[in-house]
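Below is the file start_22.txt, which contains compact mmCIF, C-alpha atoms and all ligand atoms.
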# COMPACT_ATOMS: atom_id res chain seq x y z
CA MET A 185 -32.40 -13.01 89.97
CA THR A 186 -33.19 -15.98 92.15
CA GLY A 187 -33.13 -16.37 95.92
CA GLU A 188 -33.04 -13.78 98.67
CA LEU A 189 -31.81 -10.27 98.10
CA SER A 190 -28.65 -9.42 100.03
CA PRO A 191 -29.11 -6.94 102.92
CA ILE A 192 -27.43 -4.23 100.85
CA ASP A 193 -29.81 -4.78 97.93
CA LYS A 194 -32.76 -4.73 100.33
CA ALA A 195 -31.47 -1.43 101.70
CA LYS A 196 -31.13 0.03 98.21
CA PHE A 197 -34.55 -1.25 97.23
CA VAL A 198 -36.44 0.17 100.23
CA ALA A 199 -34.76 3.56 99.74
CA ALA A 200 -35.81 3.56 96.08
CA LYS A 201 -39.31 2.38 96.90
CA ARG A 202 -39.82 5.13 99.47
CA ALA A 203 -38.37 7.82 97.18
CA VAL A 204 -40.82 7.18 94.35
CA ASP A 205 -43.59 8.33 96.73
CA PHE A 206 -42.33 11.84 95.90
CA VAL A 207 -43.20 11.40 92.22
CA GLU A 208 -46.54 12.79 91.07
CA ASP A 209 -48.53 12.55 87.86
CA GLY A 210 -47.26 14.88 85.13
CA MET A 211 -43.81 15.39 86.61
CA ARG A 212 -40.58 15.63 84.63
CA VAL A 213 -38.21 13.41 86.58
CA GLY A 214 -34.42 13.16 86.42
CA LEU A 215 -33.40 9.50 86.50
CA GLY A 216 -30.06 8.80 88.17
CA THR A 217 -27.48 6.13 87.39
CA GLY A 218 -26.20 3.13 89.36
CA SER A 219 -27.60 0.07 91.08
CA THR A 220 -29.75 2.02 93.58
CA ALA A 221 -31.10 4.32 90.88
CA ALA A 222 -31.90 1.24 88.79
CA TRP A 223 -34.26 0.09 91.58
CA MET A 224 -35.95 3.47 91.44
CA VAL A 225 -36.38 3.25 87.65
CA ARG A 226 -37.92 -0.22 88.01
CA CYS A 227 -40.29 1.02 90.75
CA LEU A 228 -41.35 3.94 88.53
CA GLY A 229 -41.84 1.56 85.62
CA GLU A 230 -44.15 -0.52 87.80
CA MET A 231 -46.16 2.61 88.70
CA VAL A 232 -46.41 3.59 85.03
CA ARG A 233 -47.55 0.12 84.05
CA ASP A 234 -49.84 -0.76 86.96
CA ASP A 235 -51.11 2.60 88.24
CA GLY A 236 -51.15 4.60 85.01
CA LEU A 237 -48.62 7.12 86.35
CA LYS A 238 -47.76 9.63 83.63
CA ILE A 239 -44.26 11.03 83.84
CA ARG A 240 -41.47 11.98 81.49
CA GLY A 241 -37.98 10.91 82.50
CA VAL A 242 -34.63 12.50 81.74
CA PRO A 243 -31.96 9.79 82.13
CA THR A 244 -28.43 10.62 83.29
CA SER A 245 -26.69 7.91 81.25
CA THR A 246 -27.20 5.63 78.27
CA ARG A 247 -27.58 2.74 80.75
CA THR A 248 -30.42 4.43 82.57
CA ALA A 249 -32.05 5.50 79.30
CA ALA A 250 -32.11 1.87 78.14
CA LEU A 251 -33.60 0.65 81.42
CA ALA A 252 -36.20 3.44 81.53
CA ARG A 253 -37.39 2.59 78.02
CA GLU A 254 -37.42 -1.10 78.87
CA VAL A 255 -39.75 -0.56 81.86
CA GLY A 256 -42.07 1.75 79.89
CA ILE A 257 -41.07 5.24 81.06
CA GLU A 258 -41.32 7.96 78.40
CA VAL A 259 -37.80 9.27 77.90
CA ILE A 260 -37.07 12.85 76.87
CA SER A 261 -33.85 14.85 76.68
CA LEU A 262 -32.95 17.59 79.13
CA ASP A 263 -33.26 20.10 76.30
CA GLU A 264 -36.84 18.97 75.74
CA ALA A 265 -37.63 19.14 79.45
CA ARG A 266 -35.61 22.33 80.09
CA TRP A 267 -36.38 22.13 83.81
CA LEU A 268 -37.29 19.18 86.05
CA ASP A 269 -39.61 18.82 89.00
CA LEU A 270 -37.49 16.22 90.71
CA THR A 271 -34.34 14.13 90.30
CA ILE A 272 -33.80 10.86 92.14
CA ASP A 273 -30.26 9.47 92.11
CA GLY A 274 -27.85 7.37 94.13
CA ALA A 275 -24.58 8.52 95.71
CA ASP A 276 -21.26 7.07 96.76
CA GLU A 277 -21.13 9.08 100.00
CA PHE A 278 -23.32 11.60 101.81
CA ASP A 279 -22.57 13.64 104.92
CA GLY A 280 -24.71 15.33 107.57
CA ASP A 281 -25.20 18.42 105.38
CA LEU A 282 -26.40 16.16 102.54
CA ASN A 283 -23.31 16.98 100.48
CA LEU A 284 -22.28 14.11 98.25
CA ILE A 285 -19.58 12.29 96.38
CA LYS A 286 -20.94 10.90 93.12
CA GLY A 287 -19.46 9.42 89.99
CA GLY A 288 -18.61 5.89 91.08
CA GLY A 289 -20.52 4.77 87.99
CA GLY A 290 -18.85 7.39 85.79
CA ALA A 291 -21.99 9.43 85.10
CA LEU A 292 -21.28 12.44 87.32
CA LEU A 293 -21.38 15.05 84.55
CA GLN A 294 -24.89 14.37 83.30
CA GLU A 295 -25.97 13.64 86.89
CA LYS A 296 -24.80 17.06 88.10
CA ILE A 297 -26.36 18.91 85.17
CA VAL A 298 -29.68 17.11 85.62
CA ALA A 299 -29.77 17.48 89.42
CA THR A 300 -28.93 21.18 89.17
CA ALA A 301 -31.76 21.66 86.68
CA SER A 302 -34.29 20.22 89.15
CA ASP A 303 -36.52 21.84 91.74
CA GLN A 304 -35.56 19.04 94.12
CA MET A 305 -32.86 16.37 94.27
CA ILE A 306 -33.57 13.24 96.28
CA VAL A 307 -30.70 10.87 96.94
CA ILE A 308 -31.36 7.22 97.66
CA ALA A 309 -28.67 5.29 99.50
CA ASP A 310 -28.03 2.36 101.78
CA VAL A 311 -26.86 3.42 105.21
CA GLY A 312 -23.28 2.34 104.40
CA LYS A 313 -22.91 5.46 102.26
CA GLU A 314 -23.25 7.78 105.25
CA VAL A 315 -20.00 9.44 106.40
CA GLU A 316 -19.00 12.11 108.88
CA THR A 317 -16.53 13.66 106.41
CA LEU A 318 -16.50 13.07 102.67
CA GLY A 319 -13.43 11.54 101.06
CA ALA A 320 -12.99 7.87 101.97
CA PHE A 321 -14.57 7.09 98.60
CA PRO A 322 -12.17 8.19 95.83
CA LEU A 323 -13.40 11.46 94.35
CA PRO A 324 -14.04 11.09 90.60
CA ILE A 325 -13.34 13.98 88.25
CA GLU A 326 -14.21 13.93 84.56
CA VAL A 327 -11.39 15.16 82.29
CA ILE A 328 -11.16 15.51 78.55
CA PRO A 329 -8.89 12.91 76.89
CA PHE A 330 -6.68 15.58 75.25
CA GLY A 331 -3.62 16.00 77.46
CA TRP A 332 -5.15 14.09 80.36
CA GLN A 333 -1.70 13.36 81.84
CA THR A 334 -0.98 17.10 81.98
CA THR A 335 -4.39 17.65 83.58
CA LYS A 336 -3.56 14.93 86.12
CA ALA A 337 -0.23 16.63 86.95
CA LEU A 338 -1.99 20.00 87.36
CA VAL A 339 -4.56 18.42 89.68
CA GLU A 340 -1.76 16.83 91.75
CA GLU A 341 0.03 20.22 92.01
CA MET A 342 -3.20 21.84 93.05
CA LEU A 343 -3.75 19.23 95.80
CA ILE A 344 -0.24 19.89 97.12
CA SER A 345 -0.82 23.66 97.13
CA MET A 346 -4.05 23.09 99.07
CA ASP A 347 -2.25 20.84 101.59
CA VAL A 348 -4.62 17.98 100.89
CA LEU A 349 -3.17 14.90 102.59
CA GLY A 350 -3.99 12.01 100.26
CA ARG A 351 -2.84 12.95 96.76
CA ASN A 352 -2.88 9.71 94.85
CA VAL A 353 -4.61 10.31 91.51
CA THR A 354 -5.41 7.37 89.22
CA LEU A 355 -6.87 7.07 85.75
CA ARG A 356 -10.00 4.91 85.82
CA MET A 357 -9.61 1.87 83.57
CA ASN A 358 -12.04 -0.40 81.81
CA GLY A 359 -9.94 -3.53 81.40
CA ASP A 360 -6.79 -2.51 79.55
CA ALA A 361 -8.20 0.76 78.18
CA PRO A 362 -9.10 4.02 79.91
CA PHE A 363 -12.75 4.20 80.98
CA VAL A 364 -14.75 6.41 78.60
CA THR A 365 -17.80 8.33 79.83
CA ASP A 366 -21.01 8.93 77.87
CA GLU A 367 -19.49 12.29 76.88
CA GLY A 368 -16.32 10.62 75.54
CA ASN A 369 -14.17 11.76 78.47
CA HIS A 370 -11.96 9.99 81.03
CA ILE A 371 -12.26 9.80 84.80
CA LEU A 372 -9.48 10.52 87.30
CA ASP A 373 -10.09 9.13 90.79
CA LEU A 374 -8.63 11.20 93.62
CA HIS A 375 -7.73 9.06 96.64
CA LEU A 376 -7.91 11.74 99.30
CA ASN A 377 -9.12 9.81 102.40
CA ARG A 378 -10.66 12.91 103.92
CA ILE A 379 -11.86 16.14 102.29
CA GLY A 380 -11.52 18.98 104.79
CA ASN A 381 -13.14 21.72 102.72
CA ALA A 382 -15.29 20.11 100.05
CA ARG A 383 -16.81 23.39 98.84
CA GLN A 384 -13.41 24.95 98.20
CA LEU A 385 -11.99 21.80 96.62
CA SER A 386 -14.95 21.56 94.26
CA MET A 387 -14.49 25.14 93.07
CA VAL A 388 -10.72 24.87 92.66
CA LEU A 389 -10.84 21.55 90.80
CA ASN A 390 -13.15 22.96 88.17
CA GLN A 391 -10.63 25.70 87.43
CA VAL A 392 -7.96 23.27 86.24
CA PRO A 393 -7.90 23.28 82.42
CA GLY A 394 -9.03 19.90 81.15
CA VAL A 395 -11.30 19.19 84.13
CA VAL A 396 -14.90 19.13 82.96
CA GLU A 397 -16.61 18.50 86.31
CA ASN A 398 -15.99 16.90 89.67
CA GLY A 399 -18.07 14.47 91.73
CA LEU A 400 -18.64 16.75 94.74
CA PHE A 401 -22.31 17.74 94.92
CA ILE A 402 -22.41 20.67 97.32
CA ASP A 403 -25.78 22.22 98.28
CA ILE A 404 -27.54 20.33 95.50
CA CYS A 405 -29.28 17.53 97.40
CA ASP A 406 -32.47 18.34 99.35
CA VAL A 407 -33.46 14.96 100.73
CA VAL A 408 -31.63 11.69 101.38
CA VAL A 409 -33.71 8.55 101.73
CA VAL A 410 -31.61 6.05 103.69
CA GLY A 411 -32.35 2.34 103.44
CA TYR A 412 -31.39 -0.38 105.93
CA GLY A 413 -30.99 -4.09 105.28
CA ASP A 414 -33.90 -4.97 107.57
CA GLY A 415 -36.36 -2.87 105.56
CA ARG A 416 -36.18 0.29 107.68
CA VAL A 417 -36.11 3.51 105.74
CA GLU A 418 -35.39 7.06 106.94
CA THR A 419 -36.10 10.29 105.12
CA ARG A 420 -33.71 13.12 105.95
CA ASP A 421 -34.63 16.56 104.76
CA ILE A 422 -32.01 19.33 104.56
CA ASN A 423 -34.44 21.78 106.19
CA GLU A 424 -36.23 19.52 108.65
CA GLY A 425 -33.73 16.80 109.64
CA THR A 426 -35.02 13.23 109.93
CA VAL A 427 -38.70 13.53 109.17
CA GLN A 428 -39.83 9.97 108.77
CA THR A 429 -38.70 6.49 109.80
CA ASP A 430 -40.63 3.37 108.97
CA ARG A 431 -40.24 -0.10 107.56
CA LEU A 432 -41.09 -1.26 104.07
CA ASP A 433 -41.99 -4.72 102.91
CA PHE A 434 -39.39 -5.59 100.30
CA VAL A 435 -41.10 -8.85 99.33
CA GLU A 436 -44.07 -7.02 97.88
CA SER A 437 -42.41 -6.30 94.53
CA GLU A 438 -40.93 -9.64 93.66
CA ASN A 439 -41.62 -9.09 89.98
CA LEU A 440 -39.10 -6.25 90.04
CA PHE A 441 -36.32 -8.62 91.02
CA ALA A 442 -36.14 -10.34 87.65
CA ASP A 443 -33.21 -9.65 85.29
CA LEU A 444 -31.06 -7.76 87.73
CA ASP A 445 -27.62 -7.28 86.26
CA ASP A 446 -26.97 -3.67 87.20
O1 LIG A 501 -22.84 8.47 91.04
C1 LIG A 501 -23.22 7.42 90.57
C2 LIG A 501 -22.95 7.04 89.17
O2 LIG A 501 -22.12 7.96 88.53
C3 LIG A 501 -24.00 6.46 91.41
O3 LIG A 501 -25.18 7.07 91.80
C4 LIG A 501 -23.17 6.08 92.60
O4 LIG A 501 -21.96 5.52 92.12
C5 LIG A 501 -23.90 5.07 93.47
O5 LIG A 501 -24.03 3.85 92.78
P1 LIG A 501 -24.74 2.60 93.44
O6 LIG A 501 -26.16 2.96 93.66
O7 LIG A 501 -24.56 1.50 92.42
O8 LIG A 501 -24.02 2.29 94.73

Structure rendered as structure tokens:
Amino acid sequence: MTGELSPIDKAKFVAAKRAVDFVEDGMRVGLGTGSTAAWMVRCLGEMVRDDGLKIRGVPTSTRTAALAREVGIEVISLDEARWLDLTIDGADEFDGDLNLIKGGGGALLQEKIVATASDQMIVIADVGKEVETLGAFPLPIEVIPFGWQTTKALVEEMLISMDVLGRNVTLRMNGDAPFVTDEGNHILDLHLNRIGNARQLSMVLNQVPGVVENGLFIDICDVVVVGYGDGRVETRDINEGTVQTDRLDFVESENLFADLDD
């Protein structure tokens, strides 16, 4: 990549850079998916290479696995790790209770399994992801391909019975074909505008036959590290509120800015 980073990339980078401070030698670390998580993987790779940090990473997608290997992180499966010390991942939205919408990149299933199997989940996000109420970002749900149109109709009926206002459900596409997840499934995006009761919706969605998992992460995230375009970074802890605000120098890691396609 040449030239200046955009403010949004600076925000993502400083959040990632601050979050890797939580990583200690010997940890088993869940590695999230998406452009913000990719910054985190690159930062960890730099620490492995330059500081001799020893960690084992459990990636949440084939994309992240490839990047982790490329930057020199030892990659293991979740079954090998069994339990993780920490997961660092991005999000599409977070609210004041640190509940999330995830799955914009289509990796929500592995992301939820990995985050749930971790002592701590840290989300890294630019400040634009912060919302008062979840739902402006379309809620992704992963469904098995068999009978997906029936599953979609059942989800729509369920939304009506729950009096959810926005009920437009769309199949995510990849060009002319349905998007296929790492698990061989499809994604339905629920355009809800506003999710009144995210906890209830999450539970009810997972009861529809054909739905594998939904992108609501309720009571899973412990810390959100929020990045700003001017280099400010805030750490918000579910127990302690905003615990730290400072400014990072995003020019210091220029070597990380090469080959950025994610
Ligand atoms: O949930 C995700 C992938 O399934 C991502 O973490 C989420 O979409 C945020 O992505 P980005 O950091 O590129 O904005």

Requested in this report: Record the distance separating CA of Gly214 in chain A and CA of Asp234 in chain A, expressed in Å with one decimal.
Outcome: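 We find that CA of Gly214 in chain A and CA of Asp234 in chain A lie 20.8 Å from each other.
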
Query raised in the report: Could you state the separation of CA of Glu341 in chain A and CA of Val353 in chain A in Å, given to one decimal place?
Result: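 These atoms are spaced 11.0 Å apart.
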
Query - Selected residue of minimal separation from ligand LIG 501 (chain A) among A:Gly415, A:Gly425, A:Pro329, A:Gly290, counting all atoms listed in the file - result: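 Looking only at the distances to ligand LIG 501 (chain A), the closest residue turns out to be A:Gly290.
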
Take the point (-30.6, 0.2, 96.1) as written in the file and pick out every residue within 8 Å of it, counting all atoms listed in the file; give the list as a short mmCIF file (atom, residue, chain, number, x, y, z; two decimals) with C-alpha atoms, in the frame of the given file.
data_model
loop_
_atom_site.label_atom_id
_atom_site.label_comp_id
_atom_site.auth_asym_id
_atom_site.auth_seq_id
_atom_site.Cartn_x
_atom_site.Cartn_y
_atom_site.Cartn_z
CA ILE A 192 -27.43 -4.23 100.85
CA ASP A 193 -29.81 -4.78 97.93
CA LYS A 194 -32.76 -4.73 100.33
CA ALA A 195 -31.47 -1.43 101.70
CA LYS A 196 -31.13 0.03 98.21
CA PHE A 197 -34.55 -1.25 97.23
CA VAL A 198 -36.44 0.17 100.23
CA ALA A 199 -34.76 3.56 99.74
CA ALA A 200 -35.81 3.56 96.08
CA SER A 219 -27.60 0.07 91.08
CA THR A 220 -29.75 2.02 93.58
CA ALA A 221 -31.10 4.32 90.88
CA ALA A 222 -31.90 1.24 88.79
CA TRP A 223 -34.26 0.09 91.58
CA MET A 224 -35.95 3.47 91.44
CA GLY A 274 -27.85 7.37 94.13
CA ILE A 308 -31.36 7.22 97.66
CA ALA A 309 -28.67 5.29 99.50
CA ASP A 310 -28.03 2.36 101.78
CA GLY A 411 -32.35 2.34 103.44
#

**Report entry** Which residue of A:Glu424, A:Asp269, A:Glu326, A:Asp403 approaches ligand LIG 501 (chain A) most closely, using all atoms listed in the file
**Finding:**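 Between A:Glu424, A:Asp269, A:Glu326, A:Asp403, the residue approaching ligand LIG 501 (chain A) most closely is A:Glu326.
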
All file atoms of ligand LIG 501 (chain A) boxed axis-aligned, 4 Å per side, centre plus edges, as lines of an AutoDock Vina configuration file:
center_x = -24.1
center_y = 5.0
center_z = 91.6
size_x = 12.2
size_y = 15.0
size_z = 14.2

Query raised in the report: So, counting all atoms listed in the file, which residue among A:Gly413, A:Gly289, A:Gly236, A:Pro324 is closest to Val396 in chain A?
Result: A:Pro324

Report task. Give me, please, the distance in Å between CA of Leu355 in chain A and CA of Asn398 in chain A, quoted to one decimal. Result -> 14.0 Å

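Residues lying at most 12 Å from (-40.6, 10.0, 108.4) in file coordinates, with only C-alpha atoms considered, are Arg202, Ala203, Val407, Val408, Val409, Val410, Arg416, Val417, Glu418, Thr419, Arg420, Asp421, Glu424, Gly425, Thr426, Val427, Gln428, Thr429, Asp430 and Arg431 of chain A.
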
**Report entry** Contacts of Ile285 in chain A at 6 Å (only C-alpha atoms; same-chain gap of 2+ positions) as number ranges by chain
**Finding:** A: 276-277, 399-400

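Nearest to Ala250 in chain A of all the residues A:Glu264, A:Lys238, A:Val207, A:Arg226 is A:Arg226, based on only C-alpha atoms.
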
Can you pull out every residue within 10 Å of Ala249 in chain A, counting only C-alpha atoms, but drop anything in the same chain fewer than 4 positions away, and send it as a compact mmCIF listing (two decimals) with C-alpha atoms, in the frame of the given file?
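See result.txt below for the written result:
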# COMPACT_ATOMS: atom_id res chain seq x y z
CA LEU A 215 -33.40 9.50 86.50
CA GLY A 216 -30.06 8.80 88.17
CA THR A 217 -27.48 6.13 87.39
CA VAL A 225 -36.38 3.25 87.65
CA GLY A 241 -37.98 10.91 82.50
CA VAL A 242 -34.63 12.50 81.74
CA PRO A 243 -31.96 9.79 82.13
CA THR A 244 -28.43 10.62 83.29
CA SER A 245 -26.69 7.91 81.25
CA ARG A 253 -37.39 2.59 78.02
CA GLU A 254 -37.42 -1.10 78.87
CA ILE A 257 -41.07 5.24 81.06
CA GLU A 258 -41.32 7.96 78.40
CA VAL A 259 -37.80 9.27 77.90
CA ILE A 260 -37.07 12.85 76.87
CA SER A 261 -33.85 14.85 76.68

Query raised in the report: Taking all atoms listed in the file into account, which of A:Lys313, A:Lys201, A:Arg233, A:Arg383 comes nearest Val255 in chain A?
Result: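 Nearest candidate to Val255 in chain A out of A:Lys313, A:Lys201, A:Arg233, A:Arg383: A:Arg233.
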
**Report entry** Given only C-alpha atoms and all ligand atoms as the counted atoms, nearest of A:Asp235, A:Asp279, A:Asp433, A:Asp366 to ligand LIG 501 (chain A)
**Finding:**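 Comparing A:Asp235, A:Asp279, A:Asp433, A:Asp366 against ligand LIG 501 (chain A), the winner is A:Asp366.
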
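Neighbours of Ala299 in chain A closer than or equal to 6 Å, with all atoms listed in the file counted and sequence neighbours fewer than 4 positions away skipped, come out as Thr271, Glu295 and Met305 of chain A.
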
Can you list, as a CSV table (one decimal) with C-alpha atoms, keeping the file's coordinate frame, every protein, DNA or RNA residue that comes within 12 Å of Glu316 in chain A when you count all atoms listed in the file, leaving out same-chain residues fewer than 4 positions away?
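Dumped everything to out28.csv:
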chain,number,residue,atom,x,y,z
A,277,GLU,CA,-21.1,9.1,100.0
A,278,PHE,CA,-23.3,11.6,101.8
A,279,ASP,CA,-22.6,13.6,104.9
A,280,GLY,CA,-24.7,15.3,107.6
A,281,ASP,CA,-25.2,18.4,105.4
A,282,LEU,CA,-26.4,16.2,102.5
A,283,ASN,CA,-23.3,17.0,100.5
A,284,LEU,CA,-22.3,14.1,98.2
A,312,GLY,CA,-23.3,2.3,104.4
A,320,ALA,CA,-13.0,7.9,102.0
A,378,ARG,CA,-10.7,12.9,103.9
A,379,ILE,CA,-11.9,16.1,102.3
A,380,GLY,CA,-11.5,19.0,104.8

Since the input lacks some atoms of range 264-289 of chain A, please model N, CA and C atoms and print them as a compact mmCIF listing (two decimals), in the frame of the given file.
# COMPACT_ATOMS: atom_id res chain seq x y z
N GLU A 264 -35.37 18.99 75.90
CA GLU A 264 -36.84 18.97 75.74
C GLU A 264 -37.52 19.36 77.05
N ALA A 265 -36.98 18.86 78.14
CA ALA A 265 -37.63 19.14 79.45
C ALA A 265 -37.33 20.55 79.92
N ARG A 266 -36.12 21.03 79.64
CA ARG A 266 -35.61 22.33 80.09
C ARG A 266 -35.45 22.38 81.61
N TRP A 267 -36.47 22.09 82.35
CA TRP A 267 -36.38 22.13 83.81
C TRP A 267 -37.14 20.94 84.36
N LEU A 268 -36.69 20.40 85.50
CA LEU A 268 -37.29 19.18 86.05
C LEU A 268 -37.92 19.45 87.41
N ASP A 269 -38.97 18.69 87.69
CA ASP A 269 -39.61 18.82 89.00
C ASP A 269 -38.76 18.15 90.08
N LEU A 270 -38.12 17.06 89.69
CA LEU A 270 -37.49 16.22 90.71
C LEU A 270 -36.43 15.36 90.04
N THR A 271 -35.31 15.15 90.74
CA THR A 271 -34.34 14.13 90.30
C THR A 271 -34.13 13.16 91.44
N ILE A 272 -34.11 11.88 91.13
CA ILE A 272 -33.80 10.86 92.14
C ILE A 272 -32.56 10.12 91.66
N ASP A 273 -31.53 10.06 92.52
CA ASP A 273 -30.26 9.47 92.11
C ASP A 273 -29.60 8.82 93.32
N GLY A 274 -28.65 7.97 93.06
CA GLY A 274 -27.85 7.37 94.13
C GLY A 274 -26.66 8.26 94.47
N ALA A 275 -25.81 7.78 95.37
CA ALA A 275 -24.58 8.52 95.71
C ALA A 275 -23.57 7.52 96.24
N ASP A 276 -22.32 7.93 96.21
CA ASP A 276 -21.26 7.07 96.76
C ASP A 276 -21.01 7.40 98.23
N GLU A 277 -21.22 8.66 98.60
CA GLU A 277 -21.13 9.08 100.00
C GLU A 277 -22.06 10.27 100.22
N PHE A 278 -22.62 10.36 101.43
CA PHE A 278 -23.32 11.60 101.81
C PHE A 278 -22.96 11.93 103.25
N ASP A 279 -22.91 13.24 103.55
CA ASP A 279 -22.57 13.64 104.92
C ASP A 279 -23.79 14.29 105.60
N GLY A 280 -23.60 14.79 106.78
CA GLY A 280 -24.71 15.33 107.57
C GLY A 280 -25.35 16.55 106.95
N ASP A 281 -24.63 17.26 106.08
CA ASP A 281 -25.20 18.42 105.38
C ASP A 281 -25.81 18.02 104.04
N LEU A 282 -25.88 16.72 103.79
CA LEU A 282 -26.40 16.16 102.54
C LEU A 282 -25.54 16.58 101.34
N ASN A 283 -24.26 16.84 101.58
CA ASN A 283 -23.31 16.98 100.48
C ASN A 283 -22.84 15.58 100.07
N LEU A 284 -22.46 15.45 98.81
CA LEU A 284 -22.28 14.11 98.25
C LEU A 284 -20.96 13.96 97.52
N ILE A 285 -20.51 12.70 97.44
CA ILE A 285 -19.58 12.29 96.38
C ILE A 285 -20.37 11.39 95.45
N LYS A 286 -20.30 11.72 94.15
CA LYS A 286 -20.94 10.90 93.12
C LYS A 286 -19.95 10.64 91.99
N GLY A 287 -20.31 9.69 91.15
CA GLY A 287 -19.46 9.42 89.99
C GLY A 287 -18.81 8.05 90.01
N GLY A 288 -19.16 7.25 91.03
CA GLY A 288 -18.61 5.89 91.08
C GLY A 288 -18.96 5.11 89.81
N GLY A 289 -20.10 5.44 89.24
CA GLY A 289 -20.52 4.77 87.99
C GLY A 289 -20.10 5.54 86.75
